[in-house]
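Source file: work.txt; contents: compact mmCIF, C-alpha atoms.
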```txt
# COMPACT_ATOMS: atom_id res chain seq x y z
CA ALA A 1 -35.64 14.41 6.96
CA TYR A 2 -36.32 11.06 5.31
CA VAL A 3 -38.50 9.88 8.22
CA SER A 4 -40.45 13.15 8.19
CA LEU A 5 -41.10 12.97 4.44
CA VAL A 6 -42.21 9.35 4.62
CA GLY A 7 -44.49 10.12 7.57
CA ILE A 8 -46.13 13.03 5.76
CA PHE A 9 -46.58 10.90 2.64
CA ALA A 10 -48.21 8.11 4.67
CA LEU A 11 -50.62 10.62 6.27
CA LEU A 12 -51.60 11.89 2.83
CA VAL A 13 -52.22 8.33 1.67
CA PHE A 14 -54.39 7.71 4.75
CA ALA A 15 -56.35 10.93 4.20
CA PHE A 16 -57.01 10.59 0.49
CA PHE A 17 -56.86 6.87 -0.25
CA GLY A 18 -60.16 5.68 -1.72
CA GLN A 19 -61.52 9.19 -2.34
CA HIS A 20 -62.91 10.08 -5.76
CA THR A 21 -59.98 12.45 -6.25
CA PHE A 22 -57.77 9.44 -6.99
CA TRP A 23 -60.00 6.36 -7.16
CA SER A 24 -63.41 5.49 -8.52
CA SER A 25 -64.70 4.14 -5.19
CA ASN A 26 -64.30 4.99 -1.53
CA ALA A 27 -62.38 2.92 0.99
CA THR A 28 -63.10 2.53 4.66
CA PRO A 29 -60.86 4.28 7.22
CA LEU A 30 -59.49 0.87 8.22
CA GLN A 31 -58.50 0.10 4.64
CA SER A 32 -56.88 3.53 4.30
CA PHE A 33 -55.00 2.97 7.56
CA GLN A 34 -53.76 -0.44 6.37
CA VAL A 35 -52.54 1.06 3.10
CA ALA A 36 -50.78 3.87 4.98
CA LEU A 37 -49.04 1.31 7.19
CA ALA A 38 -48.05 -0.69 4.11
CA VAL A 39 -46.55 2.48 2.62
CA LEU A 40 -44.60 3.09 5.82
CA LEU A 41 -43.35 -0.49 5.73
CA GLY A 42 -42.47 -0.25 2.05
CA ALA A 43 -40.47 2.94 2.64
CA CYS A 44 -38.53 1.41 5.55
CA PRO A 45 -34.90 1.33 4.29
CA LEU A 46 -33.81 -1.81 6.13
CA ALA A 47 -31.95 -3.32 3.19
CA LEU A 48 -30.43 0.04 2.23
CA VAL A 49 -29.18 0.71 5.78
CA LEU A 50 -27.62 -2.75 6.10
CA THR A 51 -26.04 -2.71 2.63
CA GLY A 52 -22.93 -0.75 3.68
CA PRO A 53 -22.05 -2.57 6.92
CA LEU A 54 -22.80 -6.07 5.61
CA THR A 55 -20.88 -5.62 2.36
CA LEU A 56 -17.92 -3.90 4.02
CA TYR A 57 -17.75 -6.66 6.61
CA ALA A 58 -17.77 -9.30 3.87
CA GLY A 59 -15.04 -7.40 2.00
CA LEU A 60 -12.85 -7.13 5.09
CA LEU A 61 -13.27 -10.84 5.81
CA ARG A 62 -12.49 -11.74 2.20
CA ALA A 63 -9.36 -9.59 2.33
CA ALA A 64 -8.23 -11.13 5.63
CA ARG A 65 -8.77 -14.62 4.19
CA GLY A 66 -6.38 -13.65 1.41
CA GLY A 67 -3.71 -12.31 3.79
CA VAL A 68 -4.57 -8.59 3.58
CA LEU A 69 -5.46 -6.79 6.80
CA PHE A 70 -7.32 -3.47 6.67
CA LYS A 71 -7.52 -1.26 9.74
CA GLY A 72 -11.18 -0.51 9.03
CA GLY A 73 -13.91 -0.28 6.45
CA ASP A 74 -13.09 3.38 5.77
CA VAL A 75 -9.59 2.32 4.67
CA LEU A 76 -11.10 -0.15 2.22
CA GLU A 77 -13.25 2.63 0.77
CA LYS A 78 -10.24 4.96 0.44
CA LEU A 79 -8.12 2.32 -1.30
CA ALA A 80 -10.83 1.84 -3.92
CA ALA A 81 -10.47 5.53 -4.84
CA ILE A 82 -6.66 5.52 -5.13
CA ARG A 83 -5.37 6.50 -8.58
CA VAL A 84 -1.74 7.40 -7.77
CA LEU A 85 0.49 4.83 -6.08
CA LEU A 86 4.06 5.30 -4.86
CA LEU A 87 6.15 2.16 -4.47
CA ASP A 88 9.37 1.71 -2.56
CA LYS A 89 11.89 -0.50 -4.35
CA THR A 90 13.80 -2.54 -1.80
CA GLY A 91 11.53 -5.05 -0.12
CA THR A 92 8.55 -4.13 -2.28
CA LEU A 93 9.50 -4.57 -5.93
CA THR A 94 12.53 -6.61 -4.87
CA TYR A 95 12.94 -9.30 -2.23
CA ALA A 96 14.97 -7.14 0.17
CA LYS A 97 17.59 -9.88 0.19
CA PRO A 98 20.55 -8.24 -1.53
CA LYS A 99 23.70 -10.25 -1.99
CA VAL A 100 27.28 -9.08 -2.18
CA SER A 101 28.30 -10.05 -5.69
CA ARG A 102 31.84 -8.68 -5.64
CA ILE A 103 34.24 -6.43 -3.75
CA LYS A 104 36.34 -3.68 -5.24
CA ALA A 105 39.55 -2.52 -3.54
CA PHE A 106 40.96 0.82 -4.65
CA ARG A 107 44.65 1.49 -5.09
CA GLY A 108 46.67 0.85 -1.92
CA PHE A 109 44.17 -1.55 -0.31
CA THR A 110 43.18 -5.21 -0.56
CA LYS A 111 39.73 -6.81 -0.77
CA GLU A 112 40.30 -8.37 2.66
CA GLN A 113 40.97 -4.94 4.15
CA VAL A 114 37.82 -3.53 2.54
CA LEU A 115 35.65 -6.38 3.86
CA GLU A 116 37.16 -6.25 7.36
CA ALA A 117 36.56 -2.50 7.51
CA ALA A 118 32.96 -2.96 6.35
CA LEU A 119 32.35 -5.65 8.98
CA PHE A 120 33.82 -3.40 11.65
CA VAL A 121 30.85 -1.08 11.05
CA GLU A 122 28.05 -3.30 9.81
CA ARG A 123 28.16 -5.86 12.64
CA GLN A 124 26.68 -3.14 14.85
CA SER A 125 23.72 -2.45 12.54
CA SER A 126 20.39 -4.23 11.99
CA HIS A 127 19.83 -2.77 8.51
CA PRO A 128 19.12 -5.42 5.81
CA ILE A 129 22.18 -4.41 3.80
CA ALA A 130 24.34 -4.56 6.92
CA ARG A 131 23.08 -8.08 7.63
CA THR A 132 23.86 -9.07 4.04
CA ILE A 133 27.44 -7.86 4.36
CA CYS A 134 27.82 -9.65 7.69
CA GLU A 135 26.53 -12.90 6.19
CA TYR A 136 29.03 -12.54 3.36
CA GLY A 137 31.80 -11.94 5.91
CA GLU A 138 30.82 -15.04 7.84
CA ALA A 139 31.01 -17.07 4.64
CA VAL A 140 34.66 -16.10 4.13
CA GLN A 141 35.41 -16.31 7.88
CA LEU A 142 36.90 -12.90 8.47
CA ASP A 143 37.12 -11.33 11.91
CA ALA A 144 36.35 -7.71 12.70
CA ARG A 145 37.21 -5.48 15.63
CA VAL A 146 34.50 -4.27 17.99
CA PRO A 147 34.13 -0.45 17.91
CA ASP A 148 33.92 1.82 20.93
CA LYS A 149 31.43 4.14 19.18
CA PHE A 150 28.85 3.50 16.48
CA LEU A 151 26.56 5.92 14.65
CA GLU A 152 23.96 5.36 11.91
CA PHE A 153 22.93 7.99 9.37
CA GLU A 154 19.30 7.96 8.21
CA GLY A 155 19.08 6.66 4.66
CA GLY A 156 22.84 6.83 4.13
CA GLY A 157 24.97 4.40 6.11
CA ALA A 158 26.92 4.22 9.36
CA CYS A 159 30.31 4.81 10.94
CA ALA A 160 32.29 3.23 13.78
CA ILE A 161 35.32 4.29 15.82
CA LYS A 162 37.89 2.46 17.93
CA GLY A 163 40.75 4.66 19.04
CA ASP A 164 42.26 6.18 15.91
CA TYR A 165 40.57 3.62 13.68
CA TYR A 166 37.61 5.32 11.95
CA ILE A 167 35.52 3.65 9.23
CA LYS A 168 32.43 4.84 7.40
CA VAL A 169 30.21 2.63 5.20
CA GLY A 170 27.37 3.85 3.02
CA ALA A 171 26.23 5.88 0.03
CA LEU A 172 28.35 8.24 -2.03
CA TRP A 173 26.84 11.39 -0.52
CA LEU A 174 27.91 10.19 2.93
CA MET A 175 31.52 10.05 1.75
CA GLU A 176 31.59 13.54 0.25
CA ASP A 177 33.01 15.21 3.34
CA GLY A 178 36.60 15.96 2.37
CA ARG A 179 37.89 12.58 1.21
CA ASP A 180 39.82 12.22 -2.02
CA MET A 181 37.58 11.01 -4.86
CA GLU A 182 40.18 9.46 -7.11
CA PRO A 183 39.43 8.86 -10.81
CA GLU A 184 39.65 5.10 -10.22
CA ALA A 185 36.80 5.26 -7.69
CA LEU A 186 34.66 7.54 -9.85
CA ASP A 187 35.12 5.31 -12.91
CA TRP A 188 34.22 2.19 -10.90
CA MET A 189 31.06 3.78 -9.50
CA ALA A 190 30.00 4.87 -13.00
CA GLU A 191 30.56 1.35 -14.30
CA VAL A 192 28.46 -0.25 -11.53
CA LYS A 193 25.66 2.26 -12.04
CA ALA A 194 25.65 1.61 -15.78
CA GLN A 195 25.04 -2.06 -14.99
CA GLY A 196 21.94 -1.09 -12.99
CA LEU A 197 23.46 -2.33 -9.74
CA SER A 198 23.84 -0.78 -6.30
CA PHE A 199 26.94 -0.40 -4.17
CA VAL A 200 28.11 0.76 -0.78
CA LEU A 201 31.41 2.50 -0.25
CA VAL A 202 33.94 1.90 2.52
CA ALA A 203 36.21 4.74 3.66
CA ASN A 204 38.52 5.84 6.44
CA ARG A 205 38.98 9.45 7.52
CA THR A 206 40.77 10.54 4.35
CA ARG A 207 40.34 7.97 1.56
CA LEU A 208 37.97 5.54 -0.03
CA LEU A 209 39.14 1.99 0.64
CA GLY A 210 36.78 0.32 -1.81
CA GLY A 211 33.20 -0.74 -2.38
CA LEU A 212 30.84 -3.70 -2.31
CA VAL A 213 28.47 -4.37 -5.21
CA LEU A 214 24.98 -5.49 -4.20
CA GLU A 215 22.43 -7.38 -6.25
CA ASP A 216 18.78 -7.57 -5.22
CA ALA A 217 16.52 -9.67 -7.44
CA LEU A 218 13.21 -8.29 -8.68
CA ARG A 219 10.08 -10.18 -7.67
CA GLU A 220 9.05 -12.45 -10.53
CA ASN A 221 5.47 -11.17 -10.58
CA ALA A 222 6.34 -7.46 -10.33
CA ARG A 223 5.56 -6.64 -13.96
CA ASP A 224 2.31 -8.63 -13.93
CA VAL A 225 1.17 -6.89 -10.75
CA VAL A 226 1.92 -3.47 -12.23
CA GLY A 227 -0.10 -4.39 -15.34
CA GLY A 228 -2.95 -5.60 -13.16
CA LEU A 229 -2.98 -2.35 -11.18
CA ARG A 230 -3.26 -0.40 -14.43
CA ASN A 231 -6.26 -2.52 -15.42
CA LEU A 232 -7.85 -1.57 -12.10
CA GLY A 233 -7.62 2.11 -13.00
CA LEU A 234 -4.41 3.25 -11.29
CA ASN A 235 -3.08 5.68 -13.85
CA ARG A 236 0.21 6.71 -12.23
CA LEU A 237 2.63 4.23 -10.66
CA ILE A 238 5.76 5.87 -9.26
CA MET A 239 8.81 4.19 -7.77
CA ILE A 240 10.50 6.20 -5.04
CA THR A 241 13.85 4.89 -3.82
CA GLY A 242 17.15 5.85 -2.26
CA ASP A 243 19.08 3.96 -4.95
CA ASN A 244 21.11 5.67 -7.67
CA ARG A 245 19.43 6.91 -10.85
CA GLN A 246 20.74 4.18 -13.17
CA THR A 247 19.61 1.35 -10.90
CA ALA A 248 16.22 2.95 -10.41
CA GLU A 249 15.73 3.48 -14.14
CA SER A 250 16.59 -0.14 -14.91
CA VAL A 251 13.97 -1.33 -12.42
CA LYS A 252 11.43 1.11 -13.81
CA GLU A 253 11.88 -0.24 -17.33
CA ALA A 254 11.85 -3.86 -16.21
CA VAL A 255 8.62 -3.46 -14.25
CA GLY A 256 6.82 -0.95 -16.47
CA LEU A 257 6.33 1.98 -14.10
CA ASP A 258 5.44 5.53 -15.13
CA GLU A 259 7.97 7.51 -13.13
CA VAL A 260 10.91 7.06 -10.83
CA GLU A 261 12.42 9.30 -8.18
CA ALA A 262 15.91 8.12 -7.26
CA GLU A 263 18.43 8.99 -4.52
CA CYS A 264 15.45 9.90 -2.39
CA MET A 265 15.83 10.35 1.36
CA PRO A 266 12.90 9.67 3.75
CA ASP A 267 12.03 13.36 4.04
CA ARG A 268 11.83 13.61 0.26
CA LYS A 269 9.37 10.71 0.13
CA LEU A 270 7.16 12.60 2.54
CA VAL A 271 7.41 15.77 0.46
CA ARG A 272 6.45 13.86 -2.70
CA ILE A 273 3.35 12.46 -1.00
CA GLN A 274 2.33 15.93 0.15
CA ASP A 275 2.91 17.37 -3.34
CA GLU A 276 0.64 14.76 -4.93
CA LYS A 277 -2.08 15.37 -2.35
CA ARG A 278 -1.92 19.13 -2.93
CA LYS A 279 -2.68 18.43 -6.58
CA GLY A 280 -5.92 16.82 -5.48
CA HIS A 281 -4.84 13.20 -6.09
CA ALA A 282 -5.85 10.27 -3.91
CA VAL A 283 -2.41 8.84 -3.09
CA GLY A 284 -1.34 5.41 -1.87
CA MET A 285 2.13 4.41 -0.66
CA ILE A 286 3.62 0.95 -0.19
CA GLY A 287 6.87 0.28 1.62
CA ASP A 288 8.44 -1.97 4.23
CA GLY A 289 11.14 -0.09 6.09
CA ILE A 290 11.39 2.30 9.00
CA ASN A 291 12.45 4.98 6.51
CA ASP A 292 9.05 4.62 4.79
CA ALA A 293 7.01 5.24 7.95
CA PRO A 294 6.55 9.04 7.54
CA ALA A 295 5.38 8.62 3.93
CA LEU A 296 3.09 5.71 4.84
CA ALA A 297 1.46 7.82 7.55
CA ALA A 298 1.06 10.84 5.24
CA ALA A 299 -0.51 8.93 2.33
CA ASP A 300 -4.28 8.58 2.00
CA VAL A 301 -3.66 4.85 2.28
CA GLY A 302 -0.34 3.47 3.57
CA ILE A 303 0.45 -0.18 2.84
CA ALA A 304 3.06 -2.18 4.75
CA MET A 305 4.69 -4.93 2.71
CA GLY A 306 4.90 -8.25 4.57
CA THR A 307 5.38 -9.32 8.17
CA HIS A 308 9.09 -8.49 7.83
CA SER A 309 8.20 -4.76 7.72
CA SER A 310 9.50 -2.70 10.61
CA ASP A 311 7.13 -2.25 13.55
CA LEU A 312 7.04 1.49 12.88
CA ALA A 313 6.07 0.94 9.22
CA VAL A 314 3.24 -1.42 10.20
CA GLU A 315 2.00 1.01 12.85
CA ALA A 316 2.05 3.93 10.41
CA SER A 317 0.24 2.02 7.65
CA ASP A 318 -3.46 1.40 7.05
CA VAL A 319 -3.10 -1.95 5.28
CA ALA A 320 -0.73 -4.85 5.97
CA LEU A 321 0.14 -7.47 3.34
CA VAL A 322 0.82 -10.42 5.64
CA ASN A 323 2.19 -12.90 3.10
CA ASN A 324 4.98 -10.66 1.75
CA ASP A 325 3.68 -11.34 -1.77
CA LEU A 326 3.46 -8.43 -4.20
CA TYR A 327 0.36 -10.01 -5.75
CA ASP A 328 -1.44 -9.13 -2.51
CA LEU A 329 -1.11 -5.47 -3.45
CA TYR A 330 -3.19 -6.15 -6.56
CA PHE A 331 -5.57 -8.28 -4.49
CA ALA A 332 -6.04 -5.50 -1.91
CA VAL A 333 -6.94 -2.92 -4.56
CA ALA A 334 -9.16 -5.40 -6.43
CA ILE A 335 -11.13 -6.45 -3.33
CA SER A 336 -11.61 -2.82 -2.28
CA GLN A 337 -12.99 -1.85 -5.69
CA LEU A 338 -15.15 -4.98 -5.84
CA THR A 339 -16.57 -4.26 -2.39
CA MET A 340 -17.54 -0.72 -3.38
CA ARG A 341 -19.14 -2.08 -6.57
CA PHE A 342 -21.20 -4.55 -4.55
CA ILE A 343 -22.28 -1.75 -2.20
CA LYS A 344 -23.56 0.27 -5.15
CA ILE A 345 -25.37 -2.73 -6.63
CA ASN A 346 -26.97 -3.58 -3.29
CA ALA A 347 -28.00 0.04 -2.74
CA ILE A 348 -29.66 0.23 -6.16
CA LEU A 349 -31.51 -3.03 -5.57
CA ALA A 350 -32.65 -1.83 -2.14
CA VAL A 351 -33.93 1.52 -3.46
CA VAL A 352 -35.73 -0.12 -6.40
CA GLY A 353 -37.26 -2.67 -4.03
CA ASN A 354 -38.54 0.09 -1.74
CA LEU A 355 -40.07 2.00 -4.66
CA VAL A 356 -41.79 -1.12 -5.97
CA LEU A 357 -43.12 -1.94 -2.51
CA ILE A 358 -44.49 1.60 -2.05
CA ALA A 359 -46.19 1.47 -5.47
CA LEU A 360 -47.77 -1.90 -4.72
CA SER A 361 -48.94 -0.63 -1.33
CA ILE A 362 -50.63 2.49 -2.78
CA ALA A 363 -52.30 0.37 -5.43
CA GLY A 364 -53.59 -1.95 -2.71
CA LEU A 365 -51.95 -4.93 -4.41
CA ILE A 366 -50.05 -6.08 -1.35
CA THR A 367 -50.94 -6.63 2.29
CA LEU A 368 -48.91 -5.81 5.39
CA VAL A 369 -47.85 -9.44 5.64
CA GLY A 370 -46.81 -9.43 1.99
CA GLY A 371 -44.83 -6.22 2.56
CA ILE A 372 -42.99 -7.79 5.51
CA MET A 373 -42.16 -10.81 3.36
CA LEU A 374 -40.81 -8.60 0.55
CA GLN A 375 -38.66 -6.66 3.03
CA ALA A 376 -37.29 -9.97 4.27
CA VAL A 377 -36.56 -10.98 0.67
CA MET A 378 -34.63 -7.73 0.07
CA LEU A 379 -32.61 -8.30 3.24
CA ALA A 380 -31.88 -11.84 2.07
CA ILE A 381 -30.68 -10.51 -1.31
CA VAL A 382 -28.28 -8.09 0.40
CA ALA A 383 -26.96 -10.89 2.61
CA LEU A 384 -26.62 -13.19 -0.39
CA MET A 385 -24.68 -10.58 -2.36
CA SER A 386 -22.35 -10.13 0.62
CA ALA A 387 -21.83 -13.90 0.75
CA VAL A 388 -21.01 -13.90 -2.97
CA LEU A 389 -18.40 -11.20 -2.32
CA TYR A 390 -16.86 -13.29 0.47
CA ILE A 391 -16.47 -16.42 -1.67
CA LYS A 392 -15.68 -14.70 -4.97
CA LYS A 393 -12.32 -15.56 -6.49
CA ILE A 394 -10.08 -12.60 -7.35
CA ALA A 395 -8.13 -13.30 -10.54
```

What would the structure in this file look like if it were written as structure tokens?
Amino acid sequence: AYVSLVGIFALLVFAFFGQHTFWSSNATPLQSFQVALAVLLGACPLALVLTGPLTLYAGLLRAARGGVLFKGGDVLEKLAAIRVLLLDKTGTLTYAKPKVSRIKAFRGFTKEQVLEAALFVERQSSHPIARTICEYGEAVQLDARVPDKFLEFEGGGACAIKGDYYIKVGALWLMEDGRDMEPEALDWMAEVKAQGLSFVLVANRTRLLGGLVLEDALRENARDVVGGLRNLGLNRLIMITGDNRQTAESVKEAVGLDEVEAECMPDRKLVRIQDEKRKGHAVGMIGDGINDAPALAAADVGIAMGTHSSDLAVEASDVALVNNDLYDLYFAVAISQLTMRFIKINAILAVVGNLVLIALSIAGLITLVGGIMLQAVMLAIVALMSAVLYIKKIA
């Protein structure tokens, strides 16, 4: 349509240029033809057409130089429009390096028995918490039996069996299958939750043996990054985690988030993403674990946190933060918004340049050679703006 309109306009210029209808003196057919060609040249949207690809390419390169990998220019555009962001806690807002701070043995058991039972299960698992418990066990040099059977429960824990010896390690809900929940255990769990800490429980077939308290430090820049994201226009920042409510609330207050959804299984994360999208929100999700993969894939933009992310999480995501630095989340959003701003600026400059060139051509104030030179100048401006984007420092 654009080509047809420009062609018709150029024909009209050729037919009527120099006639008394518009001008005080006639022009020769050759002069009219030259003006018509100049109009065609002035209307050629070279700079406008190249604005998007050049600027997006510069934005992608700038992001990659900063350790942020986008799967395409369309992803960069989508991230610039995100206004709701869901954040996983472990490995995203924290370092995903929990430490066993203490062990609790319930009545009838010792701390050594609790740790040995936990190791019996966790030495078969590759989960970060399992590795933490194993490292703690190695530090105190305790041995553990090798099970005949091992089973992991998504988002909850694991169990192992050797003969009549059956041990389960994990969250409270995993233990609520007929075991006695003695007041001592309930009081201890309430105390740990009130401290904003996490725990895993250790149980046999009938009783809780004890629990291990875990501490996972917040990233030092978490609050600053959250504040920076707000300044970029993200108006709802929601933490979604499998941790207990008290721990989640303490992290929410420390970081300055808007909402928190605790004790959240992977399927619930997916449901929350779908709920937000049904409300018409552009939704982003950042996480690092295999449990986050469904939500990362369902979000408008999924972001994998660091090279330590599971292969499935990286595959399901649209953006990868290579350096495992939470600041890169802010950087990714900032560079996406800046790129879209540069595209708009370049597009406006290109359109204005074309209009000026058309006006000069109709007025006979510019030759074909001059028009070619001005088109080259506009292309140079677009390229220069893209170069500025590439070298620009993101605060």

If we count all atoms listed in the file and set the cut-off at 10 Å, which residues sit around stretch 228-239 of chain A, ignoring sequence neighbours fewer than 6 positions away in its own chain? Please answer as a ChimeraX atom specification. /A:80-89,92-93,222,248-249,251-252,256-262,283-286,327,329-331,333-334,337,395

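Between A:Ala158 and the residues A:Gly170, A:Gly227, A:Gly287, A:Gly371, the shortest atom-to-atom distance, using all atoms listed in the file, involves A:Gly170.
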
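Atom CA of A:Ile362 sits 7.9 Å away from atom CA of A:Ala36.
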
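For the residues A:Leu218, A:Leu40, A:Asn291, A:Met175, ranking by smallest atom-to-atom distance to A:Arg205 using all atoms listed in the file places A:Met175 first.
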
Restricting to only C-alpha atoms, whichever of A:Pro29, A:Gly364, A:Gly289, A:Gly353 is closest to A:Gly91 is A:Gly289

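A straight line drawn from atom CA of A:Ala43 to atom CA of A:Ala376 is 13.4 Å long.
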
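With all atoms listed in the file taken into account, the protein and nucleic acid residues at most 7 Å from stretch 179-196 of chain A (excluding it and anything under 5 positions from it in its own chain) are Phe106, Thr206, Arg207, Gln246, Thr247 and Ser250 of chain A.
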
What residues have an atom no more than 10 Å from (-13.5, 1.0, 3.4) in the file's own frame, counting all atoms listed in the file, and can you write them as a compact mmCIF listing (two decimals) with C-alpha atoms, in the frame of the given file?
```txt
# COMPACT_ATOMS: atom_id res chain seq x y z
CA GLY A 52 -22.93 -0.75 3.68
CA PRO A 53 -22.05 -2.57 6.92
CA THR A 55 -20.88 -5.62 2.36
CA LEU A 56 -17.92 -3.90 4.02
CA TYR A 57 -17.75 -6.66 6.61
CA GLY A 59 -15.04 -7.40 2.00
CA LEU A 60 -12.85 -7.13 5.09
CA PHE A 70 -7.32 -3.47 6.67
CA LYS A 71 -7.52 -1.26 9.74
CA GLY A 72 -11.18 -0.51 9.03
CA GLY A 73 -13.91 -0.28 6.45
CA ASP A 74 -13.09 3.38 5.77
CA VAL A 75 -9.59 2.32 4.67
CA LEU A 76 -11.10 -0.15 2.22
CA GLU A 77 -13.25 2.63 0.77
CA LYS A 78 -10.24 4.96 0.44
CA LEU A 79 -8.12 2.32 -1.30
CA ALA A 80 -10.83 1.84 -3.92
CA ALA A 81 -10.47 5.53 -4.84
CA SER A 336 -11.61 -2.82 -2.28
CA GLN A 337 -12.99 -1.85 -5.69
CA THR A 339 -16.57 -4.26 -2.39
CA MET A 340 -17.54 -0.72 -3.38
```

Kindly give the distance, in Å, that separates atom CA of A:Val140 and atom CA of A:Ala105, rounded to a single decimal. 16.3 Å

Within 9 Å of A:Ile372 using all atoms listed in the file, minus same-chain residues under 6 positions, as a PyMOL selection string: chain A and resi 38+41-42

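Remark: for A:Arg65, the closest of the candidate residues A:Val322, A:Asp177, A:Ala347, A:Ser126 is A:Val322 (distances computed over only C-alpha atoms).
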
Might you pull out every residue within 9 Å of A:Val146, with only C-alpha atoms counted and same-chain residues fewer than 4 positions away left off, and present them as a ChimeraX atom specification? /A:120-121,123-124,160-162

Include C-alpha atoms and write out the residues we just selected as a short mmCIF file (atom, residue, chain, number, x, y, z; two decimals), in the frame of the given file.
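What follows is the written file selection_22.cif:
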```
data_model
loop_
_atom_site.label_atom_id
_atom_site.label_comp_id
_atom_site.auth_asym_id
_atom_site.auth_seq_id
_atom_site.Cartn_x
_atom_site.Cartn_y
_atom_site.Cartn_z
CA PHE A 120 33.82 -3.40 11.65
CA VAL A 121 30.85 -1.08 11.05
CA ARG A 123 28.16 -5.86 12.64
CA GLN A 124 26.68 -3.14 14.85
CA ALA A 160 32.29 3.23 13.78
CA ILE A 161 35.32 4.29 15.82
CA LYS A 162 37.89 2.46 17.93
#
```

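Checking A:Lys269, A:Gly211, A:Arg341, A:Asn204 one by one against A:Ala293, counting all atoms listed in the file, you find the shortest gap at A:Lys269.
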
From the list A:Ala295, A:Ile133, A:Leu312, A:Ala118, which residue is nearest A:Leu208 when using only C-alpha atoms? A:Ala118
